[in-house]
>>> print(open('input.pdb').read())   # PDB, C-alpha atoms, pLDDT in the B column
ATOM      1  CA  MET A   1       0.000   0.000   0.000  1.00 72.00           C
ATOM      2  CA  LYS A   2       2.834   2.426   0.806  1.00 86.00           C
ATOM      3  CA  ASP A   3       3.965   2.259  -2.843  1.00 90.00           C
ATOM      4  CA  ILE A   4       0.880   4.248  -3.887  1.00 90.00           C
ATOM      5  CA  PHE A   5       1.828   7.109  -1.572  1.00 92.00           C
ATOM      6  CA  ILE A   6       5.504   6.981  -2.597  1.00 93.00           C
ATOM      7  CA  GLU A   7       4.459   7.273  -6.261  1.00 93.00           C
ATOM      8  CA  ARG A   8       2.166  10.203  -5.491  1.00 92.00           C
ATOM      9  CA  ARG A   9       5.004  12.049  -3.758  1.00 94.00           C
ATOM     10  CA  LYS A  10       7.380  11.315  -6.643  1.00 94.00           C
ATOM     11  CA  LYS A  11       4.803  12.655  -9.101  1.00 93.00           C
ATOM     12  CA  LEU A  12       5.045  16.071  -7.430  1.00 92.00           C
ATOM     13  CA  GLY A  13       8.376  16.428  -9.264  1.00 91.00           C
ATOM     14  CA  SER A  14       6.474  16.752 -12.545  1.00 92.00           C
ATOM     15  CA  ILE A  15       3.803  19.066 -11.117  1.00 94.00           C
ATOM     16  CA  PHE A  16       5.932  21.602  -9.243  1.00 95.00           C
ATOM     17  CA  PRO A  17       8.953  23.454 -10.656  1.00 94.00           C
ATOM     18  CA  PRO A  18      12.565  22.415 -10.039  1.00 95.00           C
ATOM     19  CA  ASN A  19      14.324  23.773  -6.934  1.00 94.00           C
ATOM     20  CA  SER A  20      11.115  24.068  -4.962  1.00 95.00           C
ATOM     21  CA  ALA A  21       9.657  22.674  -1.767  1.00 96.00           C
ATOM     22  CA  VAL A  22       6.103  21.581  -0.989  1.00 96.00           C
ATOM     23  CA  VAL A  23       4.975  21.740   2.647  1.00 97.00           C
ATOM     24  CA  ILE A  24       1.718  20.049   3.623  1.00 96.00           C
ATOM     25  CA  ALA A  25       0.640  20.031   7.274  1.00 95.00           C
ATOM     26  CA  GLY A  26      -1.474  17.259   8.666  1.00 93.00           C
ATOM     27  CA  ALA A  27      -4.519  17.989  10.794  1.00 89.00           C
ATOM     28  CA  SER A  28      -4.382  18.869  14.480  1.00 88.00           C
ATOM     29  CA  MET A  29      -6.428  17.331  17.253  1.00 83.00           C
ATOM     30  CA  GLN A  30      -9.605  19.274  17.982  1.00 84.00           C
ATOM     31  CA  TYR A  31     -10.637  19.234  21.628  1.00 82.00           C
ATOM     32  CA  ARG A  32     -14.165  19.330  23.043  1.00 83.00           C
ATOM     33  CA  ASN A  33     -13.002  20.132  26.551  1.00 84.00           C
ATOM     34  CA  ALA A  34      -9.965  19.720  28.806  1.00 77.00           C
ATOM     35  CA  ASP A  35      -9.932  15.935  28.705  1.00 76.00           C
ATOM     36  CA  SER A  36     -11.665  14.749  25.547  1.00 79.00           C
ATOM     37  CA  SER A  37     -11.204  15.342  21.850  1.00 81.00           C
ATOM     38  CA  HIS A  38     -13.308  15.005  18.745  1.00 84.00           C
ATOM     39  CA  ALA A  39     -12.699  12.010  16.490  1.00 84.00           C
ATOM     40  CA  PHE A  40      -9.548  12.700  14.487  1.00 85.00           C
ATOM     41  CA  ARG A  41      -9.748  13.215  10.718  1.00 89.00           C
ATOM     42  CA  GLN A  42      -6.541  13.708   8.773  1.00 93.00           C
ATOM     43  CA  ASP A  43      -6.145  16.558   6.273  1.00 93.00           C
ATOM     44  CA  SER A  44      -7.175  15.198   2.848  1.00 92.00           C
ATOM     45  CA  ASN A  45      -4.120  16.433   0.926  1.00 93.00           C
ATOM     46  CA  PHE A  46      -1.754  15.162   3.629  1.00 94.00           C
ATOM     47  CA  TRP A  47      -3.492  11.769   3.632  1.00 94.00           C
ATOM     48  CA  TYR A  48      -3.419  11.586  -0.180  1.00 94.00           C
ATOM     49  CA  LEU A  49       0.363  12.033  -0.208  1.00 95.00           C
ATOM     50  CA  THR A  50       1.298  10.011   2.885  1.00 96.00           C
ATOM     51  CA  GLY A  51      -1.363   7.585   4.133  1.00 94.00           C
ATOM     52  CA  PHE A  52      -0.133   8.664   7.585  1.00 94.00           C
ATOM     53  CA  ASN A  53      -2.930   9.187  10.083  1.00 93.00           C
ATOM     54  CA  GLU A  54      -1.327  10.897  13.084  1.00 92.00           C
ATOM     55  CA  ALA A  55      -2.110  14.445  14.210  1.00 92.00           C
ATOM     56  CA  GLU A  56       0.452  17.249  14.276  1.00 94.00           C
ATOM     57  CA  SER A  57       2.501  15.803  11.390  1.00 95.00           C
ATOM     58  CA  THR A  58       4.039  17.666   8.458  1.00 96.00           C
ATOM     59  CA  LEU A  59       5.223  16.498   5.034  1.00 97.00           C
ATOM     60  CA  VAL A  60       7.974  18.309   3.155  1.00 97.00           C
ATOM     61  CA  VAL A  61       8.759  17.312  -0.426  1.00 97.00           C
ATOM     62  CA  LEU A  62      11.918  18.776  -1.928  1.00 97.00           C
ATOM     63  CA  ILE A  63      12.149  18.895  -5.717  1.00 96.00           C
ATOM     64  CA  ASN A  64      15.683  19.246  -7.048  1.00 95.00           C
ATOM     65  CA  ALA A  65      16.950  20.703 -10.343  1.00 93.00           C
ATOM     66  CA  ASN A  66      16.285  17.364 -12.105  1.00 93.00           C
ATOM     67  CA  ASN A  67      12.685  17.202 -10.805  1.00 91.00           C
ATOM     68  CA  GLU A  68      13.585  14.345  -8.469  1.00 94.00           C
ATOM     69  CA  THR A  69      11.800  14.354  -5.134  1.00 95.00           C
ATOM     70  CA  LYS A  70      12.844  13.733  -1.558  1.00 96.00           C
ATOM     71  CA  SER A  71      10.139  13.377   1.093  1.00 97.00           C
ATOM     72  CA  ILE A  72      10.699  14.310   4.721  1.00 97.00           C
ATOM     73  CA  ALA A  73       8.128  13.686   7.458  1.00 97.00           C
ATOM     74  CA  PHE A  74       7.912  15.400  10.826  1.00 97.00           C
ATOM     75  CA  VAL A  75       5.803  13.207  13.092  1.00 96.00           C
ATOM     76  CA  PRO A  76       4.913  12.936  16.800  1.00 94.00           C
ATOM     77  CA  GLU A  77       7.667  11.238  18.749  1.00 93.00           C
ATOM     78  CA  LYS A  78       7.258   7.654  19.896  1.00 91.00           C
ATOM     79  CA  ASP A  79       5.849   7.799  23.417  1.00 86.00           C
ATOM     80  CA  GLU A  80       4.682   4.527  24.950  1.00 88.00           C
ATOM     81  CA  LEU A  81       2.995   6.259  27.894  1.00 87.00           C
ATOM     82  CA  LYS A  82       0.844   8.464  25.619  1.00 85.00           C
ATOM     83  CA  GLU A  83       0.099   5.425  23.446  1.00 85.00           C
ATOM     84  CA  ILE A  84      -1.720   3.847  26.403  1.00 87.00           C
ATOM     85  CA  TRP A  85      -4.294   6.653  26.236  1.00 81.00           C
ATOM     86  CA  ASP A  86      -4.153   7.900  22.651  1.00 80.00           C
ATOM     87  CA  GLY A  87      -3.230   4.818  20.620  1.00 84.00           C
ATOM     88  CA  TYR A  88      -0.221   3.746  18.581  1.00 89.00           C
ATOM     89  CA  ARG A  89       2.370   6.278  17.401  1.00 90.00           C
ATOM     90  CA  ALA A  90       4.779   5.335  14.664  1.00 91.00           C
ATOM     91  CA  GLY A  91       7.518   7.789  15.609  1.00 93.00           C
ATOM     92  CA  PRO A  92      10.207   8.679  13.057  1.00 94.00           C
ATOM     93  CA  LYS A  93      11.689   5.154  12.860  1.00 94.00           C
ATOM     94  CA  TRP A  94       8.445   3.402  11.900  1.00 93.00           C
ATOM     95  CA  ALA A  95       7.173   6.310   9.819  1.00 92.00           C
ATOM     96  CA  LEU A  96      10.310   5.925   7.735  1.00 92.00           C
ATOM     97  CA  GLN A  97       9.973   2.167   7.429  1.00 92.00           C
ATOM     98  CA  ASP A  98       6.201   1.774   7.090  1.00 93.00           C
ATOM     99  CA  TYR A  99       5.380   4.815   4.939  1.00 94.00           C
ATOM    100  CA  GLY A 100       8.428   5.081   2.683  1.00 93.00           C
ATOM    101  CA  PHE A 101       9.582   8.603   3.511  1.00 95.00           C
ATOM    102  CA  ASP A 102      13.177   9.395   2.616  1.00 96.00           C
ATOM    103  CA  SER A 103      13.716  10.920   6.077  1.00 96.00           C
ATOM    104  CA  ALA A 104      11.612  11.277   9.210  1.00 96.00           C
ATOM    105  CA  PHE A 105      12.070  13.328  12.362  1.00 97.00           C
ATOM    106  CA  ASN A 106      10.188  14.162  15.542  1.00 96.00           C
ATOM    107  CA  ASN A 107       7.834  17.079  14.900  1.00 94.00           C
ATOM    108  CA  SER A 108       9.541  18.929  17.761  1.00 95.00           C
ATOM    109  CA  GLU A 109      12.603  19.289  15.469  1.00 96.00           C
ATOM    110  CA  ILE A 110      10.793  21.095  12.646  1.00 96.00           C
ATOM    111  CA  ASN A 111      11.827  24.641  13.621  1.00 95.00           C
ATOM    112  CA  ASP A 112      15.504  23.654  13.607  1.00 95.00           C
ATOM    113  CA  ARG A 113      15.513  21.459  10.515  1.00 95.00           C
ATOM    114  CA  LEU A 114      13.025  23.008   8.090  1.00 95.00           C
ATOM    115  CA  PRO A 115      14.853  26.313   7.445  1.00 93.00           C
ATOM    116  CA  LYS A 116      17.936  24.290   6.428  1.00 92.00           C
ATOM    117  CA  LEU A 117      15.795  22.218   4.065  1.00 93.00           C
ATOM    118  CA  LEU A 118      14.212  25.319   2.504  1.00 92.00           C
ATOM    119  CA  ALA A 119      17.528  27.139   2.001  1.00 90.00           C
ATOM    120  CA  GLY A 120      18.537  27.191  -1.670  1.00 87.00           C
ATOM    121  CA  ASN A 121      15.029  26.606  -3.022  1.00 90.00           C
ATOM    122  CA  ASN A 122      13.426  29.162  -5.321  1.00 92.00           C
ATOM    123  CA  GLN A 123       9.834  28.571  -4.192  1.00 94.00           C
ATOM    124  CA  VAL A 124       7.916  27.116  -1.271  1.00 95.00           C
ATOM    125  CA  PHE A 125       4.450  25.787  -2.068  1.00 95.00           C
ATOM    126  CA  TYR A 126       1.905  25.192   0.693  1.00 94.00           C
ATOM    127  CA  PRO A 127      -1.869  25.645   1.195  1.00 93.00           C
ATOM    128  CA  VAL A 128      -1.830  29.416   1.707  1.00 93.00           C
ATOM    129  CA  GLY A 129      -4.434  30.709   4.163  1.00 90.00           C
ATOM    130  CA  LYS A 130      -5.714  27.299   5.261  1.00 90.00           C
ATOM    131  CA  ASN A 131      -3.877  27.238   8.587  1.00 88.00           C
ATOM    132  CA  GLN A 132      -2.821  30.467  10.317  1.00 91.00           C
ATOM    133  CA  LEU A 133      -0.065  28.786  12.306  1.00 91.00           C
ATOM    134  CA  LEU A 134       1.402  27.242   9.144  1.00 92.00           C
ATOM    135  CA  ASP A 135       1.214  30.640   7.380  1.00 93.00           C
ATOM    136  CA  LYS A 136       3.233  32.205  10.208  1.00 94.00           C
ATOM    137  CA  ASN A 137       5.679  29.310  10.430  1.00 94.00           C
ATOM    138  CA  ILE A 138       6.402  29.303   6.681  1.00 93.00           C
ATOM    139  CA  ILE A 139       7.307  33.005   6.812  1.00 93.00           C
ATOM    140  CA  ASP A 140       9.490  32.435   9.897  1.00 93.00           C
ATOM    141  CA  TRP A 141      11.235  29.408   8.366  1.00 93.00           C
ATOM    142  CA  ILE A 142      11.953  31.319   5.152  1.00 92.00           C
ATOM    143  CA  LYS A 143      13.377  34.253   7.141  1.00 90.00           C
ATOM    144  CA  VAL A 144      15.716  31.894   8.988  1.00 90.00           C
ATOM    145  CA  ALA A 145      16.667  30.144   5.726  1.00 88.00           C
ATOM    146  CA  LYS A 146      17.455  33.516   4.099  1.00 84.00           C
ATOM    147  CA  SER A 147      19.526  34.656   7.084  1.00 82.00           C
ATOM    148  CA  LYS A 148      21.798  31.637   6.619  1.00 74.00           C
ATOM    149  CA  ASP A 149      22.712  32.652   3.070  1.00 68.00           C
ATOM    150  CA  ARG A 150      22.176  36.344   2.358  1.00 67.00           C
ATOM    151  CA  HIS A 151      23.592  36.010  -1.179  1.00 58.00           C
ATOM    152  CA  SER A 152      21.029  33.499  -2.447  1.00 67.00           C
ATOM    153  CA  SER A 153      17.986  34.526  -4.442  1.00 72.00           C
ATOM    154  CA  ALA A 154      14.618  35.176  -2.818  1.00 83.00           C
ATOM    155  CA  ILE A 155      12.405  32.276  -1.816  1.00 88.00           C
ATOM    156  CA  ASP A 156       8.941  32.902  -3.230  1.00 92.00           C
ATOM    157  CA  ILE A 157       5.770  31.609  -1.603  1.00 92.00           C
ATOM    158  CA  ALA A 158       3.045  30.047  -3.761  1.00 92.00           C
ATOM    159  CA  ASP A 159      -0.212  28.207  -3.125  1.00 92.00           C
ATOM    160  CA  ALA A 160      -0.123  24.412  -3.444  1.00 92.00           C
ATOM    161  CA  SER A 161      -3.833  23.796  -2.852  1.00 88.00           C
ATOM    162  CA  SER A 162      -5.093  23.652  -6.429  1.00 89.00           C
ATOM    163  CA  LYS A 163      -2.147  21.639  -7.763  1.00 90.00           C
ATOM    164  CA  VAL A 164      -2.473  18.910  -5.134  1.00 90.00           C
ATOM    165  CA  GLY A 165      -6.273  19.116  -5.237  1.00 88.00           C
ATOM    166  CA  ASN A 166      -6.283  18.619  -9.007  1.00 87.00           C
ATOM    167  CA  GLU A 167      -4.204  15.462  -8.586  1.00 88.00           C
ATOM    168  CA  ARG A 168      -6.750  14.108  -6.128  1.00 89.00           C
ATOM    169  CA  LEU A 169      -9.576  14.622  -8.649  1.00 90.00           C
ATOM    170  CA  ILE A 170      -8.279  12.025 -11.092  1.00 87.00           C
ATOM    171  CA  LYS A 171      -8.627   8.562  -9.585  1.00 89.00           C
ATOM    172  CA  ASP A 172      -6.262   5.722 -10.419  1.00 86.00           C
ATOM    173  CA  ALA A 173      -7.413   2.133 -10.969  1.00 88.00           C
ATOM    174  CA  LYS A 174      -6.924   1.138  -7.314  1.00 86.00           C
ATOM    175  CA  GLU A 175      -8.948   4.117  -6.091  1.00 88.00           C
ATOM    176  CA  ILE A 176     -11.758   3.311  -8.541  1.00 92.00           C
ATOM    177  CA  ASP A 177     -11.829  -0.334  -7.385  1.00 92.00           C
ATOM    178  CA  LEU A 178     -11.979   0.796  -3.757  1.00 90.00           C
ATOM    179  CA  MET A 179     -14.839   3.201  -4.541  1.00 93.00           C
ATOM    180  CA  LYS A 180     -16.742   0.416  -6.334  1.00 95.00           C
ATOM    181  CA  LYS A 181     -16.285  -1.871  -3.343  1.00 95.00           C
ATOM    182  CA  ALA A 182     -17.532   0.852  -0.970  1.00 95.00           C
ATOM    183  CA  CYS A 183     -20.596   1.427  -3.175  1.00 96.00           C
ATOM    184  CA  LEU A 184     -21.349  -2.296  -3.250  1.00 95.00           C
ATOM    185  CA  ILE A 185     -21.092  -2.553   0.551  1.00 96.00           C
ATOM    186  CA  SER A 186     -23.345   0.505   0.954  1.00 96.00           C
ATOM    187  CA  ALA A 187     -25.906  -0.876  -1.490  1.00 96.00           C
ATOM    188  CA  GLU A 188     -25.978  -4.231   0.322  1.00 95.00           C
ATOM    189  CA  ALA A 189     -26.444  -2.441   3.647  1.00 95.00           C
ATOM    190  CA  HIS A 190     -29.396  -0.440   2.247  1.00 95.00           C
ATOM    191  CA  VAL A 191     -31.006  -3.612   0.886  1.00 95.00           C
ATOM    192  CA  GLU A 192     -30.505  -5.314   4.256  1.00 94.00           C
ATOM    193  CA  ALA A 193     -32.019  -2.333   6.073  1.00 94.00           C
ATOM    194  CA  MET A 194     -35.076  -2.388   3.772  1.00 93.00           C
TER     195      MET A 194
END
>>> encode(input="input.pdb", output="structure tokens")
Amino acid sequence: MKDIFIERRKKLGSIFPPNSAVVIAGASMQYRNADSSHAFRQDSNFWYLTGFNEAESTLVVLINANNETKSIAFVPEKDELKEIWDGYRAGPKWALQDYGFDSAFNNSEINDRLPKLLAGNNQVFYPVGKNQLLDKNIIDWIKVAKSKDRHSSAIDIADASSKVGNERLIKDAKEIDLMKKACLISAEAHVEAM
């Protein structure tokens, strides 16, 4: 199954320009009150590119001059105590192995690592305006990246939403088969209910 997500990330090399980065944040937990949360639902674009279903995760895809991609995931750290209450966490080691990222780190490392990854890129694509914290962080990360090399060209910001969204519109054969199976199950359930 992970091969589908690896291929989708590699395809970004033909969709986005060379020497660019794509940053897609996963969804955050939404809390009802101090000790309970709503059921978690991953961001659709993040899920489409990763298949990774943990909150507070971020995907970075770097596209080099030859349109080759490198995918880096920032995920919640492995924490066996929290897993007792919140369920399994892959952590960087298993995210790397089970989901086929090229690199994976604890999400607590993103502020240190991401500016270094963005340095030298011409553009950073992300879903502009969808997440205020991500908007702020992108600007901060670019500022830090620029401060490391004052002689490099500017890093432009561009919206990734429509490009990734357009990819999600066209279903591959496996997605179509899965949709057919879901329709069949739903139809059988309706017949049974009648």
>>> residues_around(input="input.pdb", residues="A:Ile15", least_positions_apart="4", cutoff="12 Å", atoms="all atoms listed in the file", output="list in words")
Arg8, Arg9, Lys10, Lys11, Ser20, Ala21, Val22, Val61, Ile63, Asn67, Glu68, Thr69, Phe125, Ala160, Ser162, Lys163, Val164, Gly165, Asn166 and Glu167 of chain A
>>> resolve_selection(input="input.pdb", expression="the PyMOL selection byres ((chain A and resi 23-38) around 10)", output="ChimeraX atom specification")
/A:21-22,39-47,49-50,52-62,71-75,114,118,124-127,130-131,134,138,160-161,164
>>> resolve_selection(input="input.pdb", expression="the PyMOL selection byres ((chain A and resi 77-81) around 8)", output="PyMOL selection string")
chain A and resi 75-76+82-85+89-92+106-108
>>> closest_residue(input="input.pdb", among="A:Leu96, A:Ala173, A:Ile142, A:Met179", to="A:Gly120", atoms="only C-alpha atoms")
A:Ile142
>>> atom_distance(input="input.pdb", atom1="atom CA of A:Glu109", atom2="atom CA of A:Asn137")
13.2 Å
>>> decode(input="input.pdb", residues="stretch 126-137 of chain A", atoms="all heavy atoms", output="CSV table (one decimal), in the first residue's frame")
chain,number,residue,atom,x,y,z
A,126,TYR,N,2.7,25.7,-0.4
A,126,TYR,CA,1.9,25.2,0.7
A,126,TYR,C,0.5,25.7,0.6
A,126,TYR,O,0.2,26.7,-0.2
A,126,TYR,CB,2.5,25.6,2.1
A,126,TYR,CG,2.3,26.9,2.5
A,126,TYR,CD1,1.3,27.2,3.5
A,126,TYR,CD2,2.9,28.1,2.0
A,126,TYR,CE1,1.0,28.5,4.0
A,126,TYR,CE2,2.7,29.3,2.5
A,126,TYR,CZ,1.7,29.5,3.4
A,126,TYR,OH,1.4,30.8,3.9
A,127,PRO,N,-0.5,25.2,1.3
A,127,PRO,CA,-1.9,25.6,1.2
A,127,PRO,C,-2.0,27.0,1.9
A,127,PRO,O,-2.3,27.1,3.1
A,127,PRO,CB,-2.7,24.6,1.9
A,127,PRO,CG,-1.8,23.5,2.4
A,127,PRO,CD,-0.4,24.0,2.1
A,128,VAL,N,-1.8,28.1,1.2
A,128,VAL,CA,-1.8,29.4,1.7
A,128,VAL,C,-3.2,29.7,2.3
A,128,VAL,O,-4.2,29.5,1.7
A,128,VAL,CB,-1.5,30.4,0.6
A,128,VAL,CG1,-1.6,31.9,1.1
A,128,VAL,CG2,-0.1,30.2,0.1
A,129,GLY,N,-3.2,30.3,3.5
A,129,GLY,CA,-4.4,30.7,4.2
A,129,GLY,C,-5.3,29.6,4.8
A,129,GLY,O,-6.3,29.9,5.4
A,130,LYS,N,-4.9,28.4,4.7
A,130,LYS,CA,-5.7,27.3,5.3
A,130,LYS,C,-5.5,27.1,6.8
A,130,LYS,O,-6.4,26.7,7.5
A,130,LYS,CB,-5.4,26.0,4.5
A,130,LYS,CG,-6.3,24.8,4.9
A,130,LYS,CD,-6.0,23.6,4.1
A,130,LYS,CE,-6.9,22.5,4.5
A,130,LYS,NZ,-6.7,21.3,3.8
A,131,ASN,N,-4.3,27.5,7.2
A,131,ASN,CA,-3.9,27.2,8.6
A,131,ASN,C,-3.0,28.4,9.0
A,131,ASN,O,-1.9,28.6,8.5
A,131,ASN,CB,-3.1,25.9,8.7
A,131,ASN,CG,-2.6,25.6,10.0
A,131,ASN,OD1,-2.2,26.5,10.8
A,131,ASN,ND2,-2.6,24.3,10.4
A,132,GLN,N,-3.5,29.2,9.9
A,132,GLN,CA,-2.8,30.5,10.3
A,132,GLN,C,-1.5,30.2,10.9
A,132,GLN,O,-0.5,30.9,10.7
A,132,GLN,CB,-3.7,31.3,11.3
A,132,GLN,CG,-4.8,32.0,10.7
A,132,GLN,CD,-5.6,32.8,11.7
A,132,GLN,OE1,-5.5,32.6,12.9
A,132,GLN,NE2,-6.5,33.7,11.2
A,133,LEU,N,-1.4,29.1,11.7
A,133,LEU,CA,-0.1,28.8,12.3
A,133,LEU,C,0.9,28.4,11.2
A,133,LEU,O,2.1,28.8,11.3
A,133,LEU,CB,-0.2,27.7,13.3
A,133,LEU,CG,1.1,27.2,14.0
A,133,LEU,CD1,1.7,28.4,14.8
A,133,LEU,CD2,0.8,26.0,15.0
A,134,LEU,N,0.5,27.6,10.2
A,134,LEU,CA,1.4,27.2,9.1
A,134,LEU,C,1.8,28.5,8.3
A,134,LEU,O,3.0,28.6,8.0
A,134,LEU,CB,0.8,26.2,8.2
A,134,LEU,CG,1.6,25.7,7.1
A,134,LEU,CD1,2.9,25.0,7.6
A,134,LEU,CD2,0.9,24.7,6.2
A,135,ASP,N,0.9,29.4,8.1
A,135,ASP,CA,1.2,30.6,7.4
A,135,ASP,C,2.4,31.4,8.1
A,135,ASP,O,3.4,31.8,7.5
A,135,ASP,CB,0.0,31.6,7.3
A,135,ASP,CG,-1.1,31.1,6.4
A,135,ASP,OD1,-0.8,30.3,5.5
A,135,ASP,OD2,-2.2,31.6,6.6
A,136,LYS,N,2.2,31.5,9.4
A,136,LYS,CA,3.2,32.2,10.2
A,136,LYS,C,4.5,31.4,10.2
A,136,LYS,O,5.6,32.0,10.0
A,136,LYS,CB,2.7,32.4,11.6
A,136,LYS,CG,3.7,33.1,12.6
A,136,LYS,CD,3.3,33.0,14.0
A,136,LYS,CE,4.4,33.5,14.9
A,136,LYS,NZ,5.7,33.0,14.8
A,137,ASN,N,4.5,30.1,10.4
A,137,ASN,CA,5.7,29.3,10.4
A,137,ASN,C,6.4,29.3,9.1
A,137,ASN,O,7.7,29.4,9.1
A,137,ASN,CB,5.3,27.9,10.8
A,137,ASN,CG,5.0,27.7,12.3
A,137,ASN,OD1,5.4,28.6,13.1
A,137,ASN,ND2,4.4,26.6,12.6
